[in-house]
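Novice: Have a look at this one.
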Amino acid sequence: CFKRYLTNEQPTESDMEIFAGELTLSLAEGTRDVLVRNLYLSPDPYMRNRMREIYNSYLPPFEPGKPITGFGVSKVILSNHPDFEVNDVVAGIITWEKYSVIKDGSGLRNVSSIDVPLSYHIGILGLPGLTAYAGFFNICNPRKGENVFVSAAAGAVGQLVGQFAKLTGCYVVGSAGTDEKVELLKVELGYDDAFNYKKEPDLTVALKRYFPEGIDIYFENVGGKMLEAVLYNLSNHARIAVCGMISQYVSGCGEPIYNLSQLTIRRAKMQGFLMSDYLHLHEEFTQYILCHLKKNNIVYIEDVIDGLENAPNAFMRLFQGKNVGKQVVRL
Ligand code: NDP
């Protein structure tokens, strides 16, 4: 659990606490509850916003002192639910505990029959995967040959967006915060080019260098100065998919954006979206990913940390830019 509501500060490990509790290996009679042993937890940036007391979000704040909830992959230990049997592997919303009781089995998906590493269900086949898929294909409407820019490109969502862009025949450049990530983007993830935004004195100039003819599609993950620079580099009729703005999750409102009028000048479209609006694409998306994984067309990178005791650190790493690929906690 986390101990207190945060405002604009970086979360630290001391903001979170681990409790030892009693485990009862039984389920209340007359319920459709499911007891699961958790195998993988998914630290995700949106969780930082749930640590604010006053936050106008699509999800309510976490309660200090109560177990954190988030996406996870688990094994069924006991089940009162007709859809789940003992030893089934399930994915869905669980608590950050070794074991969770899922009321009515609510939100759990039985993923036992899908032959992939189990952690993929919180990554490429889970929240980041569907987010990248829906955001890129539905919001950006990409066409072959278009110029695509992705920020936080070496993260869970970004690594996939760049590869979807390449599979579509686009030119794609990514930004990331370390040279190691930049190398990864160019060598392993197939980005046409990449740069370390922390080393660029002027992001507007940097983007002009990579996109002399302008950016057709920007997949926005960070906000702030990067968005400001992108707006000055748009081509006519550009699309910006606002997936997230992680630079604001810690600083609150973030930095002001002065040049939104570029949207008018470029007749560009900027649209926010939530993965949860695209659950109807789940089957189509799953088939797309499984097909490309089978053909080795997609590389998927995870950053795995072991142990519940290290889950707070795994979460902080997202905001320190330390994760390479999808941050995962293995229990
Ligand atoms: P990542 O795996 O990309 O991890 C976060 C990364 O963000 C860090 O590694 C770091 O990489 C970068 N970052 C952290 N702080 C800053 C900062 N202050 N300025 C710039 N970059 C920073 O996370 P995800 O792929 O899970 O999420 C990416 C984005 O997608 C987030 O904004 C998230 O909220 C959003 N999202 C939205 C969803 C939706 O439904 N709309 C669903 C899932 C995610 P670097 O080295 O590049 O700095």
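Each chain of the structure tokens is named A, B, ... in the order shown, its residues numbered from 1; ligands are numbered from 1 in display order.
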When you look at range 151-153 of chain A with a cut-off of 6 Å (counting only C-alpha atoms), what residues show up, excluding the ones that are within fewer than 4 positions of it in the same chain? I need them as a PyMOL selection string.

Specialist: chain A and resi 158-159+174-176+221

Novice: If you count only C-alpha atoms, which residues fall within 12 Å of Gly155 in chain A, apart from same-chain ones fewer than 2 positions away, as a PyMOL selection string?

Specialist: chain A and resi 44-45+123-124+128-129+132+150-153+157-162+174-178+181-182+184-185+189+221-222+246+300-303+317-319+321-328

Novice: If you keep C-alpha atoms, can you produce a file of those selected residues as a compact mmCIF listing (two decimals), in the first residue's frame?

Specialist:
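To be explicit, this is the file written out as part37.txt:
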# COMPACT_ATOMS: atom_id res chain seq x y z
CA ASP A 44 1.94 1.45 -14.74
CA PRO A 45 2.32 5.24 -14.92
CA GLY A 123 2.34 -6.18 -21.52
CA ILE A 124 2.19 -6.79 -25.22
CA PRO A 128 0.23 -1.33 -23.08
CA GLY A 129 -0.38 -3.52 -26.11
CA ALA A 132 -0.47 1.09 -28.59
CA VAL A 150 7.06 8.45 -30.69
CA SER A 151 8.16 9.76 -27.28
CA ALA A 152 9.07 7.43 -24.37
CA ALA A 153 9.75 5.15 -27.30
CA VAL A 157 3.73 1.32 -25.13
CA GLY A 158 6.37 3.13 -27.19
CA GLN A 159 8.33 0.04 -28.23
CA LEU A 160 5.16 -1.37 -29.81
CA VAL A 161 3.96 1.82 -31.49
CA GLY A 162 7.26 2.13 -33.35
CA GLY A 174 11.71 7.69 -31.28
CA SER A 175 13.00 9.66 -28.32
CA ALA A 176 14.22 8.22 -25.03
CA GLY A 177 16.19 9.39 -22.02
CA THR A 178 19.38 7.30 -22.21
CA LYS A 181 17.60 3.06 -24.98
CA VAL A 182 18.42 4.99 -28.16
CA LEU A 184 17.95 -0.37 -28.50
CA LEU A 185 15.42 1.56 -30.58
CA LEU A 189 13.26 -2.39 -32.30
CA ASN A 221 3.53 9.75 -24.11
CA VAL A 222 5.29 12.54 -22.20
CA ILE A 246 4.01 11.26 -17.86
CA TYR A 300 9.02 -7.37 -27.14
CA ILE A 301 11.26 -6.18 -24.33
CA GLU A 302 10.56 -6.57 -20.62
CA ASP A 303 12.37 -5.28 -17.57
CA ARG A 317 11.66 3.32 -11.95
CA LEU A 318 8.95 4.44 -14.38
CA PHE A 319 9.34 8.01 -13.20
CA GLY A 321 13.29 6.56 -16.66
CA LYS A 322 15.14 3.46 -15.45
CA ASN A 323 12.87 0.86 -17.03
CA VAL A 324 13.87 -0.49 -20.42
CA GLY A 325 10.78 -1.93 -22.06
CA LYS A 326 7.78 -3.01 -20.00
CA GLN A 327 8.40 -2.89 -16.25
CA VAL A 328 7.23 -6.14 -14.69

Novice: Calculated over only C-alpha atoms, which of the candidates A:Tyr46, A:Phe62, A:Tyr258, A:Tyr40 has the smallest distance to Ala91 in chain A?

Specialist: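 The closest residue to Ala91 in chain A is A:Tyr40.
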
Novice: I'd like the contact shell of Leu227 in chain A - 10 Å cut-off, only C-alpha atoms, skipping same-chain residues fewer than 6 positions apart - returned as number ranges by chain.

Specialist: A: 151, 203-204, 218, 220-221, 233, 240, 242, 245, 257, 259-260

Novice: Please list as a list in words every residue within 7 Å of range 24-37 of chain A, counting only C-alpha atoms and excluding residues in the same chain fewer than 3 positions away.

Specialist: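 Once the adjacent positions are removed, what remains is Ser74, Lys75, Val76, Ile77, Leu78, Ser79, Asn80, His81, Lys98, Tyr99, Ser100, Val101, Ile102, Lys103, Asp104 and Gly105 of chain A.
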
Novice: Write out as a list in words the set of residues from range 232-287 of chain A that DSSP, computed on the backbone, places in strand (DSSP E or B).

Specialist: Leu234, Ser235, Asn236, His237, Ala238, Arg239, Ile240, Ala241, Val242, Lys269, Met270, Gln271 and Gly272 of chain A

Novice: Under the rule that only C-alpha atoms and all ligand atoms are counted, which of A:Pro212, A:Pro67, A:Gly135, A:Gly72 is the nearest residue to ligand 1?

Specialist: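 Answer, going by the shortest atom-to-atom distance: A:Gly135.
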
Novice: Which residues of range 96-193 of chain A have any atom within 12 Å of an atom in range 285-294 of chain A when counting only C-alpha atoms, and what is the closest pair of atoms for each, with the distance in Å to one decimal? Order the rows by chain and rising number and write it as CSV.

Specialist:
residue,atom,partner,partner_atom,distance
A:Val111,CA,A:Thr286,CA,11.4
A:Ile114,CA,A:Leu290,CA,9.1
A:Asp115,CA,A:Leu290,CA,9.2
A:Val116,CA,A:Leu290,CA,8.7
A:Pro117,CA,A:Leu293,CA,11.6
A:Tyr120,CA,A:Ile289,CA,10.7
A:His121,CA,A:Thr286,CA,10.2
A:Gly123,CA,A:Ile289,CA,11.3
A:Ile124,CA,A:Ile289,CA,7.7
A:Leu125,CA,A:Thr286,CA,6.4
A:Gly126,CA,A:Thr286,CA,9.1
A:Leu127,CA,A:Phe285,CA,11.4
A:Pro128,CA,A:Phe285,CA,11.7
A:Gly129,CA,A:Phe285,CA,8.3
A:Leu130,CA,A:Phe285,CA,6.7
A:Thr131,CA,A:Phe285,CA,10.1
A:Ala132,CA,A:Phe285,CA,10.0
A:Tyr133,CA,A:Phe285,CA,6.9
A:Ala134,CA,A:Phe285,CA,8.4
A:Gly135,CA,A:Phe285,CA,11.8
A:Phe136,CA,A:Phe285,CA,11.8
A:Phe137,CA,A:Phe285,CA,10.4
A:Asn138,CA,A:Phe285,CA,11.6
A:Leu160,CA,A:Ile289,CA,10.0
A:Gln163,CA,A:His292,CA,10.5
A:Phe164,CA,A:Ile289,CA,9.9
A:Leu167,CA,A:His292,CA,9.5

Novice: Between A:Cys243, A:Ile265, A:Cys1, A:Ala314, which is the closest to ligand 1 once you count only C-alpha atoms and all ligand atoms?

Specialist: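 Under the stated criterion, the closest residue is A:Cys243.
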
Novice: Which residues of range 295-322 of chain A have any atom within 10 Å of an atom in range 3-15 of chain A when counting only C-alpha atoms, and what is the closest pair of atoms for each, with the distance in Å to one decimal? Order the rows by chain and rising number and write it as JSON lines.

Specialist:
{"residue": "A:Asn310", "atom": "CA", "partner": "A:Glu13", "partner_atom": "CA", "distance": 9.2}
{"residue": "A:Ala311", "atom": "CA", "partner": "A:Glu13", "partner_atom": "CA", "distance": 9.2}
{"residue": "A:Pro312", "atom": "CA", "partner": "A:Glu13", "partner_atom": "CA", "distance": 5.6}
{"residue": "A:Asn313", "atom": "CA", "partner": "A:Glu13", "partner_atom": "CA", "distance": 6.1}
{"residue": "A:Ala314", "atom": "CA", "partner": "A:Glu13", "partner_atom": "CA", "distance": 9.5}
{"residue": "A:Phe315", "atom": "CA", "partner": "A:Pro11", "partner_atom": "CA", "distance": 8.7}
{"residue": "A:Met316", "atom": "CA", "partner": "A:Pro11", "partner_atom": "CA", "distance": 6.4}
{"residue": "A:Arg317", "atom": "CA", "partner": "A:Thr12", "partner_atom": "CA", "distance": 9.8}
{"residue": "A:Phe319", "atom": "CA", "partner": "A:Gln10", "partner_atom": "CA", "distance": 7.5}
{"residue": "A:Gln320", "atom": "CA", "partner": "A:Gln10", "partner_atom": "CA", "distance": 8.8}

Novice: Kindly export the residues of the current selection with C-alpha atoms, as a PDB file, in the first residue's frame.

Specialist:
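Result went into out.pdb, see below:
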ATOM      1  CA  ASN A 310      10.798  -4.704  -4.791  1.00  0.00           C
ATOM      2  CA  ALA A 311       7.448  -3.640  -6.276  1.00  0.00           C
ATOM      3  CA  PRO A 312       7.721  -0.063  -4.892  1.00  0.00           C
ATOM      4  CA  ASN A 313      11.144   0.320  -6.523  1.00  0.00           C
ATOM      5  CA  ALA A 314       9.792  -1.095  -9.788  1.00  0.00           C
ATOM      6  CA  PHE A 315       7.052   1.527  -9.733  1.00  0.00           C
ATOM      7  CA  MET A 316       9.509   4.413  -9.033  1.00  0.00           C
ATOM      8  CA  ARG A 317      11.662   3.317 -11.954  1.00  0.00           C
ATOM      9  CA  PHE A 319       9.341   8.015 -13.204  1.00  0.00           C
ATOM     10  CA  GLN A 320      13.132   7.848 -13.087  1.00  0.00           C
TER      11      GLN A 320
END

Novice: Pick the closest to ligand 1 from A:Phe19, A:Tyr58, A:Phe273, A:Trp96: which is it, counting only C-alpha atoms and all ligand atoms?

Specialist: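 With only C-alpha atoms and all ligand atoms as the atom set, the closest residue is A:Phe273.
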
Novice: With only C-alpha atoms and all ligand atoms as the atoms that count, which of A:Asn147, A:Asn49, A:Asn38, A:Thr264 lies nearest to ligand 1?

Specialist: A:Asn49

Novice: If you run DSSP on the backbone, which residues of range 26-153 of chain A are alpha helix (DSSP H), as number ranges by chain?

Specialist: A: 46-49, 127-133

Novice: Do a neighbour search on Gly224 in chain A at 7 Å with only C-alpha atoms, toss out local chain neighbours closer than 2 positions, and write the hits as a ChimeraX atom specification.

Specialist: /A:222,226-228,247,254-255

Novice: Point out the residue among A:Gln248, A:Gln262, A:Asn297, A:Thr95 with the least atom-to-atom distance to ligand 1, counting only C-alpha atoms and all ligand atoms.

Specialist: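 Of all the options, A:Gln248 lies closest to ligand 1.
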
Novice: Just how far from CA of Lys198 in chain A is atom 10 (C, counted along the ligand's line) of ligand 1, in Å to one decimal?

Specialist: 10.9 Å

Novice: Can you work out the spacing between CA of Tyr249 in chain A and CA of Pro64 in chain A in Å, to one decimal?

Specialist: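 Calculated distance between CA of Tyr249 in chain A and CA of Pro64 in chain A is 18.2 Å.
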